$ cat entry.csv   # CSV, C-alpha atoms
chain,number,residue,atom,x,y,z
A,1,MET,CA,101.3,119.9,65.4
A,2,SER,CA,104.0,120.0,62.8
A,3,ASN,CA,107.0,117.7,62.8
A,4,ASN,CA,109.2,120.7,63.6
A,5,GLU,CA,107.1,121.6,66.6
A,6,GLN,CA,107.2,118.0,67.9
A,7,LYS,CA,111.0,118.0,67.7
A,8,GLN,CA,111.1,121.2,69.8
A,9,ALA,CA,108.9,119.9,72.6
A,10,ALA,CA,110.8,119.4,75.8
A,11,ALA,CA,111.2,115.9,77.1
A,12,PRO,CA,109.0,115.2,80.1
A,13,VAL,CA,110.9,114.6,83.4
A,14,PRO,CA,109.7,111.6,85.4
A,15,ALA,CA,108.0,112.6,88.6
A,16,ALA,CA,105.9,111.2,91.4
A,17,THR,CA,103.5,112.2,94.1
A,18,ILE,CA,101.5,110.7,96.9
A,19,MET,CA,98.0,111.8,97.9
A,20,ILE,CA,98.2,111.0,101.6
A,21,LEU,CA,94.8,110.3,103.0
A,22,ARG,CA,93.2,110.0,106.4
A,23,ASP,CA,89.6,109.7,107.7
A,24,ALA,CA,88.4,112.6,109.9
A,25,PRO,CA,85.0,113.6,111.5
A,26,GLN,CA,84.4,116.1,108.6
A,27,GLY,CA,85.2,113.5,106.0
A,28,MET,CA,88.3,112.1,104.2
A,29,GLU,CA,91.2,114.5,104.2
A,30,VAL,CA,94.3,114.7,102.1
A,31,PHE,CA,97.7,116.2,103.1
A,32,MET,CA,98.7,119.1,100.8
A,33,VAL,CA,101.5,121.6,100.8
A,34,LYS,CA,101.7,125.2,99.5
A,35,ARG,CA,104.6,125.7,97.1
A,36,HIS,CA,107.1,128.6,97.8
A,37,HIS,CA,106.3,131.6,95.7
A,38,GLN,CA,109.8,131.7,94.3
A,39,ILE,CA,109.7,128.1,93.1
A,40,ASP,CA,110.0,128.1,89.3
A,41,PHE,CA,107.1,125.6,88.7
A,42,VAL,CA,103.5,126.2,90.0
A,43,ALA,CA,104.8,128.8,92.5
A,44,GLY,CA,102.3,129.4,95.4
A,45,ALA,CA,100.1,126.5,94.4
A,46,LEU,CA,98.5,124.0,96.7
A,47,VAL,CA,99.9,120.6,95.7
A,48,PHE,CA,100.4,117.0,96.9
A,49,PRO,CA,103.9,116.2,98.2
A,50,GLY,CA,106.0,115.0,95.4
A,51,GLY,CA,108.8,115.9,92.9
A,52,LYS,CA,111.2,114.7,90.3
A,53,VAL,CA,112.7,111.2,90.1
A,54,SER,CA,116.4,111.4,90.9
A,55,GLY,CA,119.2,109.3,89.5
A,56,GLY,CA,119.6,107.5,92.8
A,57,ASP,CA,115.9,106.4,92.7
A,58,PHE,CA,116.9,104.2,89.7
A,59,ASP,CA,119.6,102.3,91.6
A,60,ALA,CA,118.9,98.6,91.1
A,61,ALA,CA,120.2,97.9,94.6
A,62,LEU,CA,117.1,99.5,96.0
A,63,ASP,CA,115.1,96.4,95.1
A,64,GLU,CA,116.5,94.7,98.2
A,65,TYR,CA,115.0,97.5,100.3
A,66,MET,CA,111.5,97.6,98.8
A,67,ASP,CA,108.5,95.7,100.1
A,68,GLY,CA,105.5,95.0,97.8
A,69,ASN,CA,107.2,95.8,94.4
A,70,GLU,CA,107.1,92.3,93.1
A,71,GLY,CA,106.3,92.3,89.4
A,72,TRP,CA,106.9,96.0,89.0
A,73,SER,CA,109.2,97.2,86.2
A,74,GLY,CA,112.4,99.0,87.0
A,75,PRO,CA,111.0,102.4,86.0
A,76,MET,CA,107.9,101.9,88.2
A,77,CYS,CA,110.1,100.9,91.1
A,78,ALA,CA,112.1,104.1,90.7
A,79,ILE,CA,108.9,106.1,90.5
A,80,ALA,CA,107.6,104.6,93.7
A,81,ALA,CA,110.9,105.1,95.4
A,82,ALA,CA,110.8,108.8,94.4
A,83,ALA,CA,107.2,109.2,95.6
A,84,ILE,CA,108.1,107.9,99.0
A,85,ARG,CA,111.3,109.9,99.2
A,86,GLU,CA,109.7,113.1,98.1
A,87,ALA,CA,106.8,112.7,100.4
A,88,PHE,CA,109.2,112.3,103.3
A,89,GLU,CA,111.2,115.3,102.3
A,90,GLU,CA,108.2,117.5,101.9
A,91,SER,CA,105.8,116.2,104.6
A,92,GLY,CA,107.9,114.2,107.1
A,93,ILE,CA,105.6,111.3,106.4
A,94,LEU,CA,107.6,108.1,105.6
A,95,TYR,CA,106.2,104.9,104.1
A,96,ALA,CA,108.9,102.6,105.4
A,97,ARG,CA,109.3,99.8,107.9
A,98,GLU,CA,112.0,97.8,109.6
A,99,PRO,CA,112.9,94.5,107.7
A,100,GLY,CA,110.3,91.8,108.5
A,101,ALA,CA,107.9,94.2,110.3
A,102,ARG,CA,104.3,94.7,109.3
A,103,GLU,CA,103.8,98.1,110.9
A,104,LEU,CA,105.4,101.3,109.4
A,105,VAL,CA,107.9,103.2,111.4
A,106,SER,CA,106.5,104.8,114.6
A,107,SER,CA,106.1,108.5,115.4
A,108,GLU,CA,109.1,108.2,117.7
A,109,ARG,CA,111.2,106.8,114.9
A,110,ILE,CA,110.0,109.5,112.5
A,111,ALA,CA,111.1,112.2,115.0
A,112,ALA,CA,114.6,110.7,115.1
A,113,LEU,CA,114.8,110.4,111.3
A,114,ALA,CA,113.7,114.1,110.7
A,115,PRO,CA,117.2,115.4,109.9
A,116,TYR,CA,117.3,113.1,106.9
A,117,ARG,CA,114.6,115.2,105.2
A,118,LYS,CA,117.0,118.0,104.5
A,119,ALA,CA,119.9,115.7,103.8
A,120,LEU,CA,118.0,113.8,101.1
A,121,ASP,CA,116.6,117.0,99.6
A,122,SER,CA,120.1,118.6,99.4
A,123,HIS,CA,121.6,115.3,98.0
A,124,GLU,CA,124.0,115.0,101.0
A,125,ILE,CA,122.8,111.4,101.1
A,126,ASN,CA,121.0,109.2,98.6
A,127,LEU,CA,118.0,107.1,99.2
A,128,LEU,CA,119.8,103.8,99.2
A,129,ASP,CA,122.4,104.9,101.8
A,130,PHE,CA,119.6,106.3,104.0
A,131,LEU,CA,117.8,102.9,103.9
A,132,ARG,CA,121.0,101.0,104.6
A,133,GLU,CA,122.1,103.3,107.5
A,134,GLU,CA,118.7,103.2,109.2
A,135,LYS,CA,117.9,99.5,108.3
A,136,LEU,CA,114.6,100.4,106.6
A,137,HIS,CA,112.6,99.1,103.7
A,138,LEU,CA,110.3,101.2,101.5
A,139,ALA,CA,106.7,100.2,102.0
A,140,CYS,CA,105.7,100.1,98.3
A,141,ASP,CA,102.8,97.9,99.2
A,142,GLN,CA,101.1,100.9,100.8
A,143,LEU,CA,100.9,102.8,97.5
A,144,VAL,CA,98.1,102.4,95.0
A,145,HIS,CA,98.5,103.8,91.5
A,146,PHE,CA,95.8,106.5,91.0
A,147,ALA,CA,96.6,108.7,88.0
A,148,HIS,CA,99.2,109.4,85.3
A,149,TRP,CA,99.6,112.9,83.8
A,150,ILE,CA,102.1,114.2,81.3
A,151,THR,CA,102.5,118.0,80.9
A,152,PRO,CA,101.3,119.4,77.5
A,153,ASP,CA,103.9,119.5,74.6
A,154,ASN,CA,103.8,123.3,74.4
A,155,MET,CA,105.0,123.9,78.0
A,156,PRO,CA,108.7,124.8,78.5
A,157,LYS,CA,108.9,122.5,81.5
A,158,ARG,CA,107.2,119.1,81.2
A,159,PHE,CA,106.7,116.3,83.8
A,160,ASP,CA,105.6,112.7,83.4
A,161,THR,CA,103.9,112.4,86.8
A,162,HIS,CA,102.5,109.3,88.5
A,163,PHE,CA,100.0,109.9,91.3
A,164,PHE,CA,99.6,107.4,94.1
A,165,VAL,CA,97.1,107.2,97.0
A,166,ALA,CA,98.0,105.8,100.4
A,167,HIS,CA,96.5,105.7,103.9
A,168,ALA,CA,98.4,108.1,106.2
A,169,PRO,CA,100.6,106.0,108.6
A,170,SER,CA,99.5,106.0,112.2
A,171,GLY,CA,101.2,108.7,114.2
A,172,HIS,CA,102.7,110.6,111.2
A,173,ILE,CA,101.3,114.1,111.6
A,174,GLY,CA,102.8,115.8,108.5
A,175,ALA,CA,104.6,119.1,108.3
A,176,HIS,CA,105.9,121.2,105.4
A,177,ASP,CA,109.7,121.6,104.9
A,178,GLY,CA,109.8,125.4,105.1
A,179,HIS,CA,111.9,125.4,101.9
A,180,GLU,CA,110.1,124.3,98.8
A,181,SER,CA,106.8,124.4,100.7
A,182,VAL,CA,105.8,127.2,103.1
A,183,ASP,CA,102.5,125.9,104.4
A,184,SER,CA,100.7,122.6,104.8
A,185,VAL,CA,97.2,121.5,105.6
A,186,TRP,CA,95.0,118.4,106.1
A,187,ILE,CA,91.9,119.3,104.0
A,188,THR,CA,88.9,117.6,102.5
A,189,PRO,CA,89.2,117.5,98.7
A,190,GLN,CA,86.1,119.6,98.2
A,191,ASN,CA,87.3,122.3,100.6
A,192,ALA,CA,90.6,122.5,98.7
A,193,ILE,CA,88.7,123.0,95.5
A,194,ASN,CA,86.1,125.4,96.8
A,195,ASP,CA,88.3,127.9,98.7
A,196,ARG,CA,89.9,129.6,95.7
A,197,LYS,CA,90.5,132.8,97.6
A,198,LYS,CA,92.9,131.0,99.9
A,199,TRP,CA,94.3,128.2,97.7
A,200,ASN,CA,95.6,128.2,94.2
A,201,VAL,CA,94.8,124.8,92.7
A,202,ILE,CA,96.0,124.0,89.2
A,203,PHE,CA,94.0,121.9,86.7
A,204,PRO,CA,95.6,118.5,87.2
A,205,THR,CA,95.4,118.9,91.0
A,206,LYS,CA,91.8,120.0,90.9
A,207,LEU,CA,90.7,117.1,88.7
A,208,ASN,CA,92.4,114.6,91.0
A,209,LEU,CA,90.8,116.3,94.0
A,210,MET,CA,87.5,116.0,92.3
A,211,LYS,CA,88.0,112.3,91.8
A,212,LEU,CA,89.0,111.9,95.4
A,213,ALA,CA,85.9,113.7,96.5
A,214,THR,CA,83.7,111.0,94.9
A,215,CYS,CA,84.7,108.6,97.7
A,216,LYS,CA,83.5,108.7,101.3
A,217,ASN,CA,86.6,107.4,103.1
A,218,VAL,CA,90.1,106.1,102.6
A,219,ASP,CA,89.2,102.4,102.3
A,220,GLU,CA,86.7,103.2,99.5
A,221,THR,CA,89.3,105.4,97.7
A,222,LEU,CA,91.9,102.6,97.8
A,223,ARG,CA,89.4,100.0,96.7
A,224,VAL,CA,88.3,102.1,93.7
A,225,ALA,CA,91.9,102.9,92.8
A,226,ARG,CA,92.9,99.2,92.8
A,227,ALA,CA,90.0,98.4,90.5
A,228,HIS,CA,91.0,100.8,87.8
A,229,THR,CA,94.2,101.1,85.8
A,230,PRO,CA,95.0,104.8,85.3
A,231,ILE,CA,94.8,106.1,81.7
A,232,THR,CA,97.6,108.4,80.7
A,233,VAL,CA,96.4,112.0,80.4
A,234,THR,CA,98.3,114.5,78.2
A,235,PRO,CA,96.3,117.7,78.0
A,236,TRP,CA,96.3,119.8,74.8
A,237,VAL,CA,95.2,123.3,73.9
A,238,GLU,CA,92.5,124.2,71.5
A,239,GLN,CA,90.6,127.3,70.6
A,240,GLY,CA,87.2,127.7,72.3
A,241,GLU,CA,84.5,130.3,71.9
A,242,ASP,CA,85.9,132.5,74.6
A,243,GLY,CA,89.6,131.8,74.0
A,244,PRO,CA,92.1,129.0,74.4
A,245,ILE,CA,91.0,126.0,76.5
A,246,LEU,CA,93.0,123.1,78.0
A,247,ARG,CA,91.4,119.8,77.1
A,248,ILE,CA,91.9,116.2,78.2
A,249,ARG,CA,90.6,112.9,76.7
A,250,ASP,CA,87.0,112.1,77.6
A,251,ASP,CA,87.7,108.5,78.7
A,252,ALA,CA,90.2,109.4,81.4
A,253,GLY,CA,87.8,109.0,84.3
A,254,TYR,CA,87.3,112.7,85.2
A,255,THR,CA,84.0,114.5,85.3
A,256,GLN,CA,85.6,117.7,84.0
A,257,THR,CA,87.5,117.5,80.7
A,258,SER,CA,88.3,121.1,79.9
A,259,THR,CA,89.1,124.5,81.4
A,260,SER,CA,90.1,128.0,80.3
A,261,LEU,CA,93.8,128.2,79.7
A,262,LYS,CA,93.9,131.4,81.8
A,263,THR,CA,93.0,129.5,84.9
A,264,ALA,CA,94.6,126.1,84.2
A,265,LEU,CA,98.2,126.6,85.4

$ encode --input "entry.csv" --output "structure tokens"
Amino acid sequence: MSNNEQKQAAAPVPAATIMILRDAPQGMEVFMVKRHHQIDFVAGALVFPGGKVSGGDFDAALDEYMDGNEGWSGPMCAIAAAAIREAFEESGILYAREPGARELVSSERIAALAPYRKALDSHEINLLDFLREEKLHLACDQLVHFAHWITPDNMPKRFDTHFFVAHAPSGHIGAHDGHESVDSVWITPQNAINDRKKWNVIFPTKLNLMKLATCKNVDETLRVARAHTPITVTPWVEQGEDGPILRIRDDAGYTQTSTSLKTAL
């Protein structure tokens, strides 16, 4: 890539997502939402709940309302805060607890907090004020860093996305917001990959589903994630025998490292 092309590349926007997991009779399941077809990024795709880091997520005062973030940098605290906030907005699942408590908020409390989903999404209230009003702490200790992907330089919209894995809180059922997402499902990683007629799964989502599918249950997934520091993945395009292909580095921990550009995004 030339210096001129590098200068023209869009700056990646910080983003975060949580792969919310639960054990089920048919195997480990992950909660996923289907993006609205009019959304301007990955419209109609099956994705993990998540989104952009907002300015309020960087508020240093949030540190007093976060559990388990000791030793984290300011940017990583903001990313974790965004991951929890976005997961709540898009799924209704909230990784938070009352100060001093060990258990996460109950299903009854979640029902009472439901109106905040829209208020947070529409910026009627910021995350800090929500936590102050409801006397809650973000349960960052429940999140395990799983992956880190940056959108290729040639894309008009770029995201610097951190993926976390977490055990679904007891009693938190999960439901799409009906705005940015129009459907939701608890699904095994392999079924999400296999049913291409029903679900549109983009390349980064597919590869992270494939990695999830190598584990038998939630405990194993969290244990494996804790044992490995994610390698930053920035795909690039190169010419293959049958046309352009999207490639990632071979040492990123994924069994697949390339795909046709036509099916990648």

$ closest_residue --input "entry.csv" --among "A:Arg85, A:His148, A:Arg117, A:His167" --to "Glu220 (chain A)" --atoms "all atoms listed in the file"
A:His167

$ atom_distance --input "entry.csv" --atom1 "CA of Arg249 (chain A)" --atom2 "CA of Asp153 (chain A)"
15.0 Å

$ residues_around --input "entry.csv" --residues "region 70-76 of chain A" --least-positions-apart "3" --cutoff "8 Å" --atoms "only C-alpha atoms" --output "ChimeraX atom specification"
/A:58,60,67,79-80

$ residues_around --input "entry.csv" --residues "Val144 (chain A)" --least-positions-apart "6" --cutoff "12 Å" --atoms "all atoms listed in the file" --output "list in words"
Thr17, Ile18, Met19, Ile20, Leu21, Gly68, Asn69, Met76, Ala80, Ala83, His162, Phe163, Phe164, Val165, Ala166, His167, Val218, Asp219, Thr221, Leu222, Arg223, Val224, Ala225, Arg226, Ala227, His228, Thr229 and Pro230 of chain A

$ residues_around --input "entry.csv" --residues "Arg196 (chain A)" --least-positions-apart "6" --cutoff "12 Å" --atoms "all atoms listed in the file" --output "list in words"
Ala45, Leu46, Gln190, Ile202, Lys206 and Thr263 of chain A

$ closest_residue --input "entry.csv" --among "A:Gly27, A:Lys34, A:Leu113, A:Thr232" --to "Lys198 (chain A)" --atoms "all atoms listed in the file"
A:Lys34

$ atom_distance --input "entry.csv" --atom1 "CA of Phe48 (chain A)" --atom2 "CA of Met32 (chain A)"
4.7 Å

$ atom_distance --input "entry.csv" --atom1 "CA of Tyr95 (chain A)" --atom2 "CA of Leu138 (chain A)"
6.1 Å

$ closest_residue --input "entry.csv" --among "A:Pro14, A:Gly51, A:Gly100, A:Gly240" --to "Ile84 (chain A)" --atoms "only C-alpha atoms"
A:Gly51

$ closest_residue --input "entry.csv" --among "A:Ser184, A:Gln239, A:Asn217, A:Thr161" --to "Ser91 (chain A)" --atoms "all atoms listed in the file"
A:Ser184

$ closest_residue --input "entry.csv" --among "A:Glu86, A:Asp250, A:Asp141, A:Glu29" --to "Ile231 (chain A)" --atoms "all atoms listed in the file"
A:Asp250

$ closest_residue --input "entry.csv" --among "A:Phe31, A:Phe88, A:Tyr65, A:Phe130" --to "Leu209 (chain A)" --atoms "all atoms listed in the file"
A:Phe31

$ residues_around --input "entry.csv" --residues "His137 (chain A)" --least-positions-apart "4" --cutoff "9 Å" --atoms "all atoms listed in the file" --output "ChimeraX atom specification"
/A:62,64-67,95-99,131-132

$ write_last_selection --input "entry.csv" --atoms "C-alpha atoms" --output "PDB file, in the frame of the given file"
ATOM      1  CA  LEU A  62     117.100  99.500  96.000  1.00  0.00           C
ATOM      2  CA  GLU A  64     116.500  94.700  98.200  1.00  0.00           C
ATOM      3  CA  TYR A  65     115.000  97.500 100.300  1.00  0.00           C
ATOM      4  CA  MET A  66     111.500  97.600  98.800  1.00  0.00           C
ATOM      5  CA  ASP A  67     108.500  95.700 100.100  1.00  0.00           C
ATOM      6  CA  TYR A  95     106.200 104.900 104.100  1.00  0.00           C
ATOM      7  CA  ALA A  96     108.900 102.600 105.400  1.00  0.00           C
ATOM      8  CA  ARG A  97     109.300  99.800 107.900  1.00  0.00           C
ATOM      9  CA  GLU A  98     112.000  97.800 109.600  1.00  0.00           C
ATOM     10  CA  PRO A  99     112.900  94.500 107.700  1.00  0.00           C
ATOM     11  CA  LEU A 131     117.800 102.900 103.900  1.00  0.00           C
ATOM     12  CA  ARG A 132     121.000 101.000 104.600  1.00  0.00           C
TER      13      ARG A 132
END
